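Have a look at final-v3.csv; it's CSV, C-alpha atoms:
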chain,number,residue,atom,x,y,z
A,20,MET,CA,105.7,105.0,-32.0
A,21,LYS,CA,104.8,102.7,-34.9
A,22,SER,CA,107.4,100.2,-33.8
A,23,ILE,CA,106.0,100.0,-30.3
A,24,ILE,CA,102.5,99.3,-31.8
A,25,ARG,CA,104.0,96.7,-34.1
A,26,ILE,CA,105.7,95.0,-31.1
A,27,HIS,CA,102.5,94.9,-29.1
A,28,LEU,CA,100.6,93.4,-32.1
A,29,VAL,CA,103.3,90.7,-32.5
A,30,LEU,CA,103.2,89.9,-28.8
A,31,ALA,CA,99.4,89.8,-28.7
A,32,THR,CA,99.3,87.5,-31.7
A,33,CYS,CA,101.9,85.2,-30.1
A,34,GLY,CA,99.9,85.1,-26.9
A,35,MET,CA,96.7,84.3,-28.8
A,36,LEU,CA,98.4,81.5,-30.7
A,37,ALA,CA,99.8,80.0,-27.4
A,38,LEU,CA,96.4,80.2,-25.8
A,39,MET,CA,94.7,78.4,-28.7
A,40,GLY,CA,97.4,75.7,-28.5
A,41,PHE,CA,96.6,75.2,-24.9
A,42,LEU,CA,92.8,75.2,-25.3
A,43,ALA,CA,92.7,72.6,-28.1
A,44,PRO,CA,93.8,69.6,-25.9
A,45,VAL,CA,91.5,70.7,-23.1
A,46,SER,CA,88.5,70.8,-25.4
A,47,ALA,CA,89.4,67.4,-26.9
A,48,HIS,CA,89.7,65.9,-23.4
A,49,HIS,CA,86.3,67.1,-22.3
A,50,GLY,CA,84.5,65.9,-25.4
A,51,GLY,CA,82.3,63.5,-23.4
A,52,ALA,CA,80.0,62.8,-26.3
A,53,VAL,CA,83.0,61.3,-28.1
A,54,GLU,CA,83.4,58.7,-25.4
A,55,TRP,CA,80.0,58.2,-23.7
A,56,ASP,CA,76.6,57.3,-25.1
A,57,SER,CA,74.8,60.1,-23.3
A,58,GLY,CA,71.4,58.9,-24.6
A,59,LYS,CA,71.6,55.7,-22.5
A,60,SER,CA,71.7,54.7,-18.8
A,61,VAL,CA,72.7,51.3,-17.7
A,62,GLY,CA,72.1,49.7,-14.3
A,63,PRO,CA,72.1,49.4,-11.6
A,64,VAL,CA,74.8,46.7,-11.6
A,65,THR,CA,76.3,45.3,-8.5
A,66,GLY,CA,79.7,43.9,-8.0
A,67,THR,CA,82.8,43.8,-5.8
A,68,ALA,CA,85.3,46.6,-5.8
A,69,THR,CA,88.8,45.5,-6.7
A,70,GLN,CA,90.6,48.8,-6.9
A,71,PHE,CA,89.9,52.5,-6.3
A,72,GLY,CA,92.0,55.0,-8.2
A,73,PHE,CA,91.5,58.3,-6.4
A,74,HIS,CA,93.8,60.3,-8.7
A,75,PHE,CA,93.8,62.8,-11.6
A,76,PRO,CA,92.3,63.5,-14.0
A,77,HIS,CA,89.3,61.5,-13.0
A,78,VAL,CA,88.6,59.0,-10.2
A,79,GLN,CA,88.3,55.4,-11.3
A,80,ILE,CA,86.6,52.4,-9.6
A,81,PHE,CA,87.4,48.9,-10.8
A,82,VAL,CA,84.6,46.4,-10.1
A,83,ASP,CA,84.1,42.6,-10.7
A,84,VAL,CA,80.5,42.2,-11.9
A,85,PRO,CA,79.1,38.7,-12.2
A,86,GLY,CA,78.3,37.9,-15.8
A,87,GLU,CA,75.4,35.8,-17.2
A,88,ASN,CA,77.6,32.7,-17.0
A,89,GLY,CA,78.6,33.5,-13.4
A,90,GLU,CA,82.1,34.5,-14.3
A,91,ALA,CA,83.2,37.9,-13.1
A,92,GLN,CA,83.5,40.7,-15.7
A,93,ASN,CA,86.1,43.4,-15.0
A,94,PHE,CA,84.4,46.8,-15.2
A,95,VAL,CA,85.9,50.2,-14.8
A,96,PHE,CA,83.7,53.2,-13.8
A,97,VAL,CA,84.9,56.8,-13.9
A,98,THR,CA,83.6,60.0,-12.3
A,99,ARG,CA,83.3,63.2,-14.2
A,100,TRP,CA,84.8,65.0,-11.2
A,101,THR,CA,88.4,65.4,-10.1
A,102,PRO,CA,89.6,64.2,-6.7
A,103,THR,CA,89.7,67.8,-5.5
A,104,ILE,CA,86.0,68.3,-6.2
A,105,LEU,CA,85.2,64.9,-4.7
A,106,ARG,CA,87.2,65.7,-1.5
A,107,ASP,CA,85.1,68.9,-1.1
A,108,HIS,CA,82.0,66.6,-1.0
A,109,GLY,CA,83.3,64.1,1.5
A,110,TRP,CA,85.1,61.5,-0.7
A,111,ARG,CA,88.4,60.2,0.5
A,112,ARG,CA,91.0,57.7,-0.7
A,113,THR,CA,89.4,55.2,1.6
A,114,SER,CA,85.8,55.8,0.4
A,115,ILE,CA,85.9,52.6,-1.5
A,116,GLU,CA,88.1,49.6,-0.4
A,117,PRO,CA,88.7,46.3,-2.3
A,118,GLY,CA,86.0,43.9,-1.3
A,119,ASP,CA,83.3,46.6,-0.9
A,120,GLU,CA,79.9,45.9,-2.6
A,121,VAL,CA,79.4,48.6,-5.2
A,122,THR,CA,76.2,49.3,-7.0
A,123,VAL,CA,76.5,51.6,-10.0
A,124,THR,CA,74.1,53.2,-12.5
A,125,TYR,CA,76.2,54.6,-15.4
A,126,THR,CA,76.4,56.0,-18.9
A,127,PRO,CA,78.0,53.4,-21.1
A,128,HIS,CA,81.2,53.9,-23.1
A,129,LEU,CA,80.6,54.0,-26.9
A,130,THR,CA,82.9,51.1,-27.7
A,131,ASN,CA,83.8,49.3,-24.5
A,132,PRO,CA,80.8,47.5,-22.9
A,133,THR,CA,82.6,47.2,-19.5
A,134,ALA,CA,83.3,50.9,-19.0
A,135,GLY,CA,81.0,53.6,-17.9
A,136,ALA,CA,80.7,57.1,-16.4
A,137,ILE,CA,79.0,57.0,-13.0
A,138,SER,CA,75.6,58.7,-12.6
A,139,ARG,CA,74.7,57.0,-9.3
A,140,LEU,CA,76.9,55.1,-6.8
A,141,GLU,CA,76.2,53.0,-3.7
A,142,VAL,CA,79.0,51.5,-1.6
A,143,ASN,CA,78.0,48.8,0.9
A,144,GLY,CA,74.4,50.0,0.6
A,145,GLU,CA,75.2,53.7,1.2
A,146,LEU,CA,74.7,56.4,-1.5
A,147,LEU,CA,77.9,58.4,-2.3
A,148,GLU,CA,77.0,61.8,-3.7
A,149,THR,CA,78.0,62.1,-7.4
A,150,ASN,CA,75.9,65.0,-8.7
A,151,PHE,CA,77.4,68.3,-7.6
A,152,GLU,CA,75.6,70.8,-9.9
Can you present the structure in this file as structure tokens?
Amino acid sequence: MKSIIRIHLVLATCGMLALMGFLAPVSAHHGGAVEWDSGKSVGPVTGTATQFGFHFPHVQIFVDVPGENGEAQNFVFVTRWTPTILRDHGWRRTSIEPGDEVTVTYTPHLTNPTAGAISRLEVNGELLETNFE
């Protein structure tokens, strides 16, 4: 009987260690405060979509935004949602096409001034839902 209890304890310990090993990367990935300056909001900025990455883990929109000198700055904006969640709210791979006019309000990246997490998004003057809480 003692050996069965010992085996169960060993298996339970191994299972807990495996679970902890899985949860550490998930927690690190979702540490938004590490990447984004949540105390700030920038925008709206308007530019031309160049690429729409409707793929995991998070959807990305690449946009050329005119700079102060008139030259285009290449921005990348990300959603906090996965394609699966966005599909449930009407988004499609064709929701944004190269050449579309995109207006974005975003939370800026801490170290990259041309990257941001989308808080509001308009495509060709139409609002795309981004808050699903």
(request) Take atom CA of A:Leu105 and atom CA of A:Leu129 and report the distance between them in Å, one decimal. (result)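 Atom CA of A:Leu129 lies 25.2 Å from atom CA of A:Leu105.
Distances to A:Gly66 were evaluated for A:Asn143, A:Arg99, A:Gly109, A:Glu54 using all atoms listed in the file, and the minimum falls at A:Asn143.
Relative to atom CA of A:Glu120, atom CA of A:Lys59 is found at 23.7 Å.
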Quiz item: Could you pull the residues within 8 Å of stretch 81-87 of chain A, counting all atoms listed in the file, minus those fewer than 2 positions along the same chain, as a PyMOL selection string?
Solution: chain A and resi 64-71+79+89-96+121
Practice task
Skip A:Trp110 itself and residues of its chain fewer than 4 positions away, then list as a ChimeraX atom specification all residues within 12 Å of it, counting all atoms listed in the file.
Solution key: /A:71,73-74,78,98,100-106,114-115,142,146-149
Q | Separation of atom CA of A:Thr124 from atom CA of A:Arg111, in Å and rounded to one decimal | A |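 Result for atom CA of A:Thr124 versus atom CA of A:Arg111: 20.6 Å, one decimal.
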Of A:Asp119, A:Ser60, A:Pro76, A:Val97, the one sitting nearest A:Ala134 when using all atoms listed in the file is A:Val97
Using all atoms listed in the file, the best pick from A:Gly72, A:Arg112, A:Val123, A:Ser22 as closest to A:Ala136 would be A:Val123
Of A:Asp107, A:Val61, A:Asn88, A:Phe75, the one sitting nearest A:Thr133 when using all atoms listed in the file is A:Val61
